[in-house]
Each structure stands twice: as C-alpha cells, then as structure tokens.
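Undergrad: So here's my_file14.csv (CSV, C-alpha atoms).
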chain,number,residue,atom,x,y,z
A,1208,MET,CA,0.0,0.0,0.0
A,1209,SER,CA,1.3,3.4,-0.9
A,1210,SER,CA,1.5,6.6,1.2
A,1211,VAL,CA,-1.8,8.0,-0.1
A,1212,LEU,CA,-3.9,5.5,2.0
A,1213,GLU,CA,-3.1,4.7,5.6
A,1214,VAL,CA,-4.4,1.4,6.9
A,1215,THR,CA,-4.3,0.9,10.7
A,1216,HIS,CA,-5.8,-1.5,13.2
A,1217,PRO,CA,-6.6,-0.1,16.6
A,1218,ARG,CA,-7.5,-3.7,17.5
A,1219,PRO,CA,-7.5,-6.7,15.1
A,1220,GLU,CA,-11.3,-6.5,14.6
A,1221,ILE,CA,-11.3,-2.8,13.5
A,1222,THR,CA,-9.7,-1.5,10.4
A,1223,VAL,CA,-9.3,2.3,9.9
A,1224,LEU,CA,-8.8,3.6,6.3
A,1225,THR,CA,-7.4,7.1,6.2
A,1226,LEU,CA,-7.3,8.9,2.9
A,1227,ASN,CA,-3.9,10.5,3.0
A,1228,ARG,CA,-3.5,13.4,0.5
A,1229,PRO,CA,-4.1,16.2,3.0
A,1230,ASP,CA,-2.5,18.8,0.7
A,1231,LYS,CA,-5.2,18.0,-1.9
A,1232,LEU,CA,-8.1,17.6,0.7
A,1233,ASN,CA,-7.7,13.9,-0.1
A,1234,ALA,CA,-8.9,14.3,-3.7
A,1235,LEU,CA,-9.2,11.0,-5.6
A,1236,SER,CA,-6.2,10.4,-7.7
A,1237,TYR,CA,-5.6,7.2,-9.7
A,1238,GLU,CA,-3.2,6.0,-7.1
A,1239,LEU,CA,-5.7,6.6,-4.2
A,1240,VAL,CA,-8.6,4.9,-6.1
A,1241,GLU,CA,-6.4,1.8,-6.7
A,1242,ASP,CA,-5.2,1.8,-3.1
A,1243,LEU,CA,-8.8,2.0,-1.9
A,1244,HIS,CA,-9.8,-0.9,-4.1
A,1245,ALA,CA,-6.9,-3.0,-2.9
A,1246,ALA,CA,-7.7,-2.2,0.8
A,1247,LEU,CA,-11.4,-3.0,0.4
A,1248,ASP,CA,-10.6,-6.3,-1.4
A,1249,ALA,CA,-8.3,-7.3,1.4
A,1250,ILE,CA,-11.0,-6.4,4.0
A,1251,GLY,CA,-13.5,-8.5,2.1
A,1252,LEU,CA,-11.3,-11.5,2.6
A,1253,ASP,CA,-10.4,-10.7,6.2
A,1254,ASN,CA,-12.3,-13.0,8.6
A,1255,ILE,CA,-10.9,-11.1,11.7
A,1256,CYS,CA,-11.9,-7.6,10.7
A,1257,ARG,CA,-15.5,-6.8,11.8
A,1258,VAL,CA,-15.9,-3.1,11.4
A,1259,VAL,CA,-14.3,-0.5,9.1
A,1260,VAL,CA,-13.8,3.2,9.8
A,1261,LEU,CA,-13.2,5.4,6.8
A,1262,THR,CA,-11.9,9.0,7.3
A,1263,GLY,CA,-9.6,11.6,5.8
A,1264,GLY,CA,-6.3,12.9,6.9
A,1265,GLY,CA,-5.9,16.6,7.6
A,1266,ARG,CA,-8.7,19.2,7.0
A,1267,GLY,CA,-11.0,17.2,4.8
A,1268,PHE,CA,-12.7,13.9,4.2
A,1269,CYS,CA,-12.5,13.8,0.4
A,1270,SER,CA,-12.9,16.7,-2.1
A,1271,GLY,CA,-13.8,14.5,-5.0
A,1272,LEU,CA,-11.9,13.6,-8.1
A,1273,ASP,CA,-8.5,15.3,-8.5
A,1274,LEU,CA,-9.2,17.4,-11.6
A,1275,GLY,CA,-5.6,18.6,-11.6
A,1276,ALA,CA,-4.1,15.1,-12.0
A,1277,PRO,CA,-5.0,13.6,-15.3
A,1278,SER,CA,-5.5,9.8,-15.1
A,1279,PRO,CA,-2.7,7.7,-16.5
A,1280,PRO,CA,-3.2,5.5,-19.5
A,1281,GLU,CA,-3.7,2.4,-17.3
A,1282,ALA,CA,-6.8,4.0,-15.8
A,1283,GLY,CA,-8.5,3.4,-19.1
A,1284,GLY,CA,-7.2,-0.1,-19.5
A,1285,GLY,CA,-5.1,0.9,-22.4
A,1286,THR,CA,-8.2,1.7,-24.6
A,1287,GLU,CA,-9.0,4.8,-26.6
A,1288,PHE,CA,-11.7,7.3,-25.6
A,1289,PRO,CA,-14.6,7.0,-25.0
A,1290,ARG,CA,-13.9,3.4,-23.9
A,1291,SER,CA,-11.1,4.6,-21.7
A,1292,GLY,CA,-13.3,7.2,-20.0
A,1293,MET,CA,-15.9,4.6,-19.3
A,1294,ARG,CA,-13.3,2.2,-17.8
A,1295,TRP,CA,-12.1,4.9,-15.5
A,1296,GLN,CA,-15.6,6.1,-14.6
A,1297,GLU,CA,-16.7,2.5,-13.7
A,1298,ARG,CA,-13.5,2.0,-11.7
A,1299,ILE,CA,-14.2,5.0,-9.5
A,1300,ALA,CA,-17.9,4.3,-9.2
A,1301,ASP,CA,-17.2,0.7,-8.2
A,1302,LEU,CA,-15.7,1.9,-4.9
A,1303,THR,CA,-19.2,2.7,-3.7
A,1304,ALA,CA,-20.5,-0.7,-4.8
A,1305,LYS,CA,-17.6,-2.4,-3.1
A,1306,ILE,CA,-18.3,-0.6,0.2
A,1307,HIS,CA,-21.9,-1.6,-0.1
A,1308,ARG,CA,-21.0,-5.2,-0.7
A,1309,LEU,CA,-18.7,-5.6,2.2
A,1310,ARG,CA,-20.1,-7.8,5.0
A,1311,GLN,CA,-18.5,-5.5,7.6
A,1312,PRO,CA,-20.3,-2.3,8.5
A,1313,VAL,CA,-18.4,0.8,7.3
A,1314,ILE,CA,-18.5,4.0,9.3
A,1315,ALA,CA,-17.7,7.2,7.6
A,1316,ALA,CA,-16.0,9.7,10.0
A,1317,VAL,CA,-16.4,12.9,7.9
A,1318,ASN,CA,-14.1,15.7,8.8
A,1319,GLY,CA,-14.2,18.8,6.6
A,1320,VAL,CA,-15.4,18.6,3.0
A,1321,ALA,CA,-17.1,15.5,1.4
A,1322,TYR,CA,-17.6,16.8,-2.1
A,1323,GLY,CA,-18.3,15.0,-5.4
A,1324,GLY,CA,-16.8,11.6,-5.2
A,1325,GLY,CA,-16.1,12.1,-1.5
A,1326,PHE,CA,-19.8,12.7,-1.0
A,1327,GLY,CA,-20.6,9.5,-3.0
A,1328,ILE,CA,-18.2,7.4,-0.9
A,1329,ALA,CA,-19.6,8.7,2.4
A,1330,ALA,CA,-23.2,8.1,1.2
A,1331,ALA,CA,-22.3,4.5,0.4
A,1332,CYS,CA,-21.2,3.8,4.0
A,1333,ASP,CA,-23.6,2.3,6.5
A,1334,ILE,CA,-23.2,5.0,9.2
A,1335,ARG,CA,-22.0,8.6,8.8
A,1336,ILE,CA,-20.7,10.8,11.6
A,1337,ALA,CA,-19.8,14.4,11.0
A,1338,ALA,CA,-17.3,16.7,12.7
A,1339,PRO,CA,-18.6,20.3,13.2
A,1340,SER,CA,-16.3,21.2,10.2
A,1341,ALA,CA,-18.0,18.8,7.8
A,1342,ARG,CA,-19.5,20.0,4.6
A,1343,PHE,CA,-21.4,17.9,2.0
A,1344,CYS,CA,-22.0,18.7,-1.7
A,1345,THR,CA,-22.7,16.5,-4.7
A,1346,GLN,CA,-20.9,19.1,-6.9
A,1347,PHE,CA,-21.1,17.0,-10.1
A,1348,ILE,CA,-23.6,19.3,-12.0
A,1349,LYS,CA,-21.3,22.3,-11.3
A,1350,LEU,CA,-18.6,20.7,-13.4
A,1351,GLY,CA,-20.8,20.6,-16.5
A,1352,LEU,CA,-21.7,16.9,-15.9
A,1353,GLY,CA,-25.0,15.3,-14.9
A,1354,GLY,CA,-25.7,15.5,-11.2
A,1355,CYS,CA,-26.0,11.8,-10.7
A,1356,ASP,CA,-22.6,10.0,-10.2
A,1357,ILE,CA,-20.8,7.5,-8.1
A,1358,GLY,CA,-24.1,6.1,-6.8
A,1359,VAL,CA,-25.7,9.2,-5.2
A,1360,SER,CA,-28.9,8.8,-7.3
A,1361,TYR,CA,-29.4,5.4,-5.5
A,1362,THR,CA,-28.0,6.0,-2.0
A,1363,LEU,CA,-29.0,9.6,-1.3
A,1364,PRO,CA,-32.8,9.2,-1.8
A,1365,ARG,CA,-32.7,6.1,0.5
A,1366,ILE,CA,-30.9,8.1,3.2
A,1367,VAL,CA,-32.7,11.4,3.2
A,1368,GLY,CA,-35.8,10.8,1.0
A,1369,ALA,CA,-36.5,11.7,-2.6
A,1370,GLY,CA,-37.4,15.4,-2.0
A,1371,PRO,CA,-34.2,16.5,-0.2
A,1372,ALA,CA,-32.1,14.3,-2.5
A,1373,PHE,CA,-33.5,16.0,-5.6
A,1374,ASP,CA,-32.7,19.3,-4.0
A,1375,LEU,CA,-29.1,18.4,-3.1
A,1376,ILE,CA,-28.3,16.7,-6.4
A,1377,LEU,CA,-29.9,19.3,-8.7
A,1378,THR,CA,-28.8,22.5,-7.0
A,1379,ALA,CA,-25.4,21.0,-5.8
A,1380,ARG,CA,-25.7,23.3,-2.8
A,1381,ALA,CA,-23.4,22.6,0.2
A,1382,VAL,CA,-24.8,21.7,3.6
A,1383,ASP,CA,-23.1,21.9,6.9
A,1384,ALA,CA,-23.0,19.4,9.7
A,1385,GLU,CA,-26.0,20.8,11.4
A,1386,GLU,CA,-28.2,20.6,8.3
A,1387,ALA,CA,-26.8,17.2,7.4
A,1388,LEU,CA,-28.0,16.0,10.9
A,1389,ARG,CA,-31.4,17.5,10.4
A,1390,LEU,CA,-31.7,15.8,7.0
A,1391,GLY,CA,-30.6,12.5,8.4
A,1392,LEU,CA,-27.6,12.4,6.1
A,1393,VAL,CA,-25.5,11.9,9.3
A,1394,CYS,CA,-26.6,10.3,12.5
A,1395,ARG,CA,-24.5,12.4,14.9
A,1396,ILE,CA,-22.0,15.3,15.2
A,1397,ALA,CA,-18.9,14.8,17.2
A,1398,ASP,CA,-15.9,17.0,17.9
A,1399,SER,CA,-13.5,14.1,17.7
A,1400,VAL,CA,-15.2,12.3,14.8
A,1401,THR,CA,-12.7,9.4,14.6
A,1402,ASP,CA,-12.9,8.7,18.3
A,1403,GLU,CA,-16.7,8.6,18.0
A,1404,ALA,CA,-16.5,6.3,15.0
A,1405,LEU,CA,-14.2,4.0,16.9
A,1406,ALA,CA,-16.6,4.0,19.9
A,1407,ILE,CA,-19.4,2.8,17.6
A,1408,ALA,CA,-17.0,0.2,16.1
A,1409,GLU,CA,-16.3,-1.1,19.7
A,1410,THR,CA,-20.0,-1.4,20.4
A,1411,LEU,CA,-20.5,-3.4,17.2
A,1412,CYS,CA,-17.6,-5.7,18.0
A,1413,GLY,CA,-19.5,-6.5,21.3
A,1414,TYR,CA,-22.3,-8.1,19.3
A,1415,GLY,CA,-22.5,-11.5,17.6
A,1416,LYS,CA,-20.4,-11.8,14.5
A,1417,PHE,CA,-23.1,-13.3,12.3
A,1418,GLY,CA,-25.7,-11.0,13.8
A,1419,VAL,CA,-23.9,-7.8,12.8
A,1420,GLU,CA,-23.1,-9.1,9.3
A,1421,SER,CA,-26.6,-10.3,8.6
A,1422,THR,CA,-28.1,-7.1,10.0
A,1423,LYS,CA,-26.2,-5.1,7.4
A,1424,GLN,CA,-27.2,-7.5,4.6
A,1425,VAL,CA,-30.9,-7.5,5.6
A,1426,LEU,CA,-31.1,-3.7,6.0
A,1427,TRP,CA,-29.7,-3.1,2.5
A,1428,ALA,CA,-31.7,-6.0,0.9
A,1429,ASN,CA,-35.0,-4.8,2.5
A,1430,LEU,CA,-34.6,-1.4,1.1
A,1431,GLU,CA,-35.6,-3.2,-2.1
A,1432,ALA,CA,-38.2,-5.5,-0.6
A,1433,SER,CA,-41.3,-5.7,-2.7
A,1434,SER,CA,-43.6,-6.1,0.3
A,1435,LEU,CA,-43.7,-6.4,4.1
A,1436,GLU,CA,-44.1,-10.1,3.6
A,1437,ALA,CA,-40.9,-10.3,1.6
A,1438,ALA,CA,-39.0,-8.3,4.2
A,1439,LEU,CA,-40.3,-10.5,7.0
A,1440,HIS,CA,-39.3,-13.6,5.2
A,1441,LEU,CA,-35.7,-12.4,5.0
A,1442,GLU,CA,-35.7,-11.3,8.6
A,1443,ASN,CA,-37.1,-14.6,9.8
A,1444,ARG,CA,-34.6,-16.6,7.8
A,1445,SER,CA,-31.7,-14.5,9.2
A,1446,GLN,CA,-32.9,-14.8,12.8
A,1447,ILE,CA,-33.1,-18.5,12.7
A,1448,LEU,CA,-29.6,-18.8,11.1
A,1449,ALA,CA,-28.3,-16.5,13.8
A,1450,SER,CA,-29.8,-18.6,16.5
A,1451,THR,CA,-27.7,-21.6,15.3
A,1452,SER,CA,-24.3,-19.9,15.8
A,1453,GLY,CA,-24.1,-20.3,19.6
A,1454,GLU,CA,-23.7,-16.5,19.9
A,1455,MET,CA,-27.4,-16.1,20.9
A,1456,ARG,CA,-27.0,-18.5,23.9
A,1457,GLU,CA,-23.9,-16.7,25.0
A,1458,ALA,CA,-25.5,-13.2,24.7
A,1459,ALA,CA,-28.7,-14.4,26.5
A,1460,ALA,CA,-26.7,-15.8,29.3
A,1461,GLY,CA,-24.9,-12.5,29.7
A,1462,VAL,CA,-28.2,-10.6,29.9
A,1463,LEU,CA,-29.6,-13.0,32.5
A,1464,ARG,CA,-26.5,-12.6,34.6
A,1465,LYS,CA,-27.1,-8.8,34.7
A,1466,THR,CA,-30.8,-9.2,35.8
Now that the file is in, can you turn its structure into structure tokens?
TA:
Amino acid sequence: MSSVLEVTHPRPEITVLTLNRPDKLNALSYELVEDLHAALDAIGLDNICRVVVLTGGGRGFCSGLDLGAPSPPEAGGGTEFPRSGMRWQERIADLTAKIHRLRQPVIAAVNGVAYGGGFGIAAACDIRIAAPSARFCTQFIKLGLGGCDIGVSYTLPRIVGAGPAFDLILTARAVDAEEALRLGLVCRIADSVTDEALAIAETLCGYGKFGVESTKQVLWANLEASSLEAALHLENRSQILASTSGEMREAAAGVLRKT
C-alpha cells in the first residue's frame, strides 16, 4: 500500500482507512482509487476484521476527483476514448458498490469537505458521523456533468428521502454538519469524529459476528423489498440462522447474569 492511503488496526477486529492526501483535501487520484480498491478487497477476505472506519487525513474527508491530476493510460485499461473514459468512470464508481457489498459495517467519519466523489463514498457507507467542520456537496452538476454520479442517485434518496435528495443533487448546494444532521444524512455530530466512530465500532464488536453481518445485509436488501411479507421472510430466515451460531445463547446468558 502506498502513502496515499493509511491502513491501521486499533484492534484486530477494527480497520481504519485514512485517505492521506491532505494537501489536496484527499482528492481522488488514480493511485488513491487503486489503493482503496486493494484495501477493500483485502478487508472483504479478512475474517478477523469486523468493522471499518473510513476517514480523511488533515482538514478534509475527500474533495472528490482530483481534476488537476489527469488519469494515466492504465486508468482506461489501455483503450481509446470514450472506452477509456468509461473504464475509469466505472472503476471510481465501483468503490461505492464495493463498500456496499462488504459484509463488515463501514462507518464514515467525515471531517471537513465531502464533495463530489467524496460525498458518494460517504453516502455508500452504513453509518455517517460528522465533525462540526463537515461540509457535504454533490458538486457534479457544477462541473458541466450530470448531477448523478458514483451512486448518489441510488444512495441519497434512501438516506434522506426523494425530495431532499433531488434538491441536493440538482442544486449542488453545500450543507453543513447541522443541516446534514437535520436531513438524516449523518446520525450524529462529534468534535472528535474518529474517536466517535471507533466507539461505535467497539460497540458493534461486542455483538455477535453473524448478527452484525446479517443485519447489514438484511437492511440493504429490505430497502428493495417488494412487500412487508418479503421483508419479514428475509428477517425470519436470518434470525433462525443467527440462533444456530451459539452467539445467541452466550448473549442471552450475559443478559440473564445482569438481571
């Protein structure tokens, strides 16, 4: 892993990914995109890691694509334009899908700006926490592009509802941490956002392994459920599977000891 992405483990079950281009507000370069893919691939195969915290070094979370650093030829797979552009576009966008697919919950600890691609990455995470300095903006439409990019047309309406999502995507207006909290874009504001994210990670590590993994999977799957009956079917199946792991008996015994 190169110096543009820092990977640390406060404890074996928790992985912290820190975007590390502070002089560029952690803008997404080709190198950083590839490092993120490699790190997420490794986490997906890691049976010890249970929770991921994603944050940015310095004053920002991620300011989006680095427009001042043209992508190298390998970003387009050696093809000509527009094929090369599509390859690079899909590679960046797949970061959000990869976060979504991870069995581990991913907590975005947003410090400073989360603009463009940075906004999309934060929106793909399962939990978002904002520092008082956090600012969120889709930005894409300001660059002469469509406003829908890197998954925001899917994730944002599911987080804040269709009306606010249309507003944020079409106007590309920036919202601060307080408004993000009111909209439901973030779940809490914390002065030490990474410490808060790690505290949540510690809480999740105290729950059953299968229970946490299946909860993330069921929550995302049931956003697409065709009916209450379909949602209940998936919940019931997951609960019975969870009851076979032995973790339920251990947790129940702990509760009984406290009563």
Undergrad: Using all atoms listed in the file, which of A:Val1313, A:Thr1222, A:Val1400, A:Ala1276 sits nearest Gly1263 of chain A?
TA: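 Smallest separation from Gly1263 of chain A among the options: A:Val1400.
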Undergrad: Need the shell around Pro1371 of chain A: protein/DNA/RNA residues with any atom at most 12 Å away, counting all atoms listed in the file. Skip same-chain ones fewer than 6 positions apart. Format as a PyMOL selection string?
TA: chain A and resi 1360+1363-1365+1377-1380+1382+1386-1387+1389-1392
Undergrad: Could you pull the residues within 9 Å of segment 1264-1269 of chain A, counting all atoms listed in the file, minus those fewer than 4 positions along the same chain, as number ranges by chain?
TA: A: 1213, 1225-1235, 1316-1326, 1328-1329, 1340-1342
Undergrad: So which residues touch Val1260 of chain A within 8 Å, counting all atoms listed in the file, skipping near sequence neighbours fewer than 6 positions away, as a ChimeraX atom specification?
TA: /A:1221-1224,1313-1316,1401,1404-1405,1408
Undergrad: Take the residues from that selection and write them out as a tab-separated table (two decimals), in the coordinates of the input, keeping C-alpha atoms.
TA:
chain	number	residue	atom	x	y	z
A	1221	ILE	CA	-11.30	-2.80	13.50
A	1222	THR	CA	-9.70	-1.50	10.40
A	1223	VAL	CA	-9.30	2.30	9.90
A	1224	LEU	CA	-8.80	3.60	6.30
A	1313	VAL	CA	-18.40	0.80	7.30
A	1314	ILE	CA	-18.50	4.00	9.30
A	1315	ALA	CA	-17.70	7.20	7.60
A	1316	ALA	CA	-16.00	9.70	10.00
A	1401	THR	CA	-12.70	9.40	14.60
A	1404	ALA	CA	-16.50	6.30	15.00
A	1405	LEU	CA	-14.20	4.00	16.90
A	1408	ALA	CA	-17.00	0.20	16.10
Undergrad: Around the point (-30.6, 18.5, -8.7), in the coordinates given by the file, pick out the residues reaching within 9 Å, counting only C-alpha atoms, and return them as a PyMOL selection string.
TA: chain A and resi 1348+1353-1355+1372-1379
Undergrad: Emit the selected residues as a short mmCIF file (atom, residue, chain, number, x, y, z; two decimals), in the coordinates of the input, including C-alpha atoms.
TA:
data_model
loop_
_atom_site.label_atom_id
_atom_site.label_comp_id
_atom_site.auth_asym_id
_atom_site.auth_seq_id
_atom_site.Cartn_x
_atom_site.Cartn_y
_atom_site.Cartn_z
CA ILE A 1348 -23.60 19.30 -12.00
CA GLY A 1353 -25.00 15.30 -14.90
CA GLY A 1354 -25.70 15.50 -11.20
CA CYS A 1355 -26.00 11.80 -10.70
CA ALA A 1372 -32.10 14.30 -2.50
CA PHE A 1373 -33.50 16.00 -5.60
CA ASP A 1374 -32.70 19.30 -4.00
CA LEU A 1375 -29.10 18.40 -3.10
CA ILE A 1376 -28.30 16.70 -6.40
CA LEU A 1377 -29.90 19.30 -8.70
CA THR A 1378 -28.80 22.50 -7.00
CA ALA A 1379 -25.40 21.00 -5.80
#
Undergrad: Between A:Val1419, A:Cys1344, A:Ala1282, A:Leu1212, single out the one closest to Tyr1237 of chain A, counting all atoms listed in the file.
TA: A:Ala1282
Undergrad: Could you tell me how far atom CA of Pro1280 of chain A lies from atom CA of Ser1236 of chain A, in Å and to one decimal?
TA: 13.1 Å
Undergrad: Work out how far apart atom CA of Ser1399 of chain A and atom CA of Glu1220 of chain A are and give it in Å to one decimal.
TA: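 It comes out at 20.9 Å.
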Undergrad: What's the separation between atom CA of Ser1210 of chain A and atom CA of Leu1247 of chain A, in Å to one decimal place?
TA: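 Taking atom CA of Ser1210 of chain A as the start and atom CA of Leu1247 of chain A as the end point, the length is 16.1 Å.
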Undergrad: Would you kindly return, as a ChimeraX atom specification, each protein, DNA or RNA residue with an atom no farther than 7 Å from any atom of Ala1331 of chain A, considering all atoms listed in the file and excluding same-chain residues fewer than 2 positions away?
TA: /A:1303,1306-1307,1327-1329,1333,1362
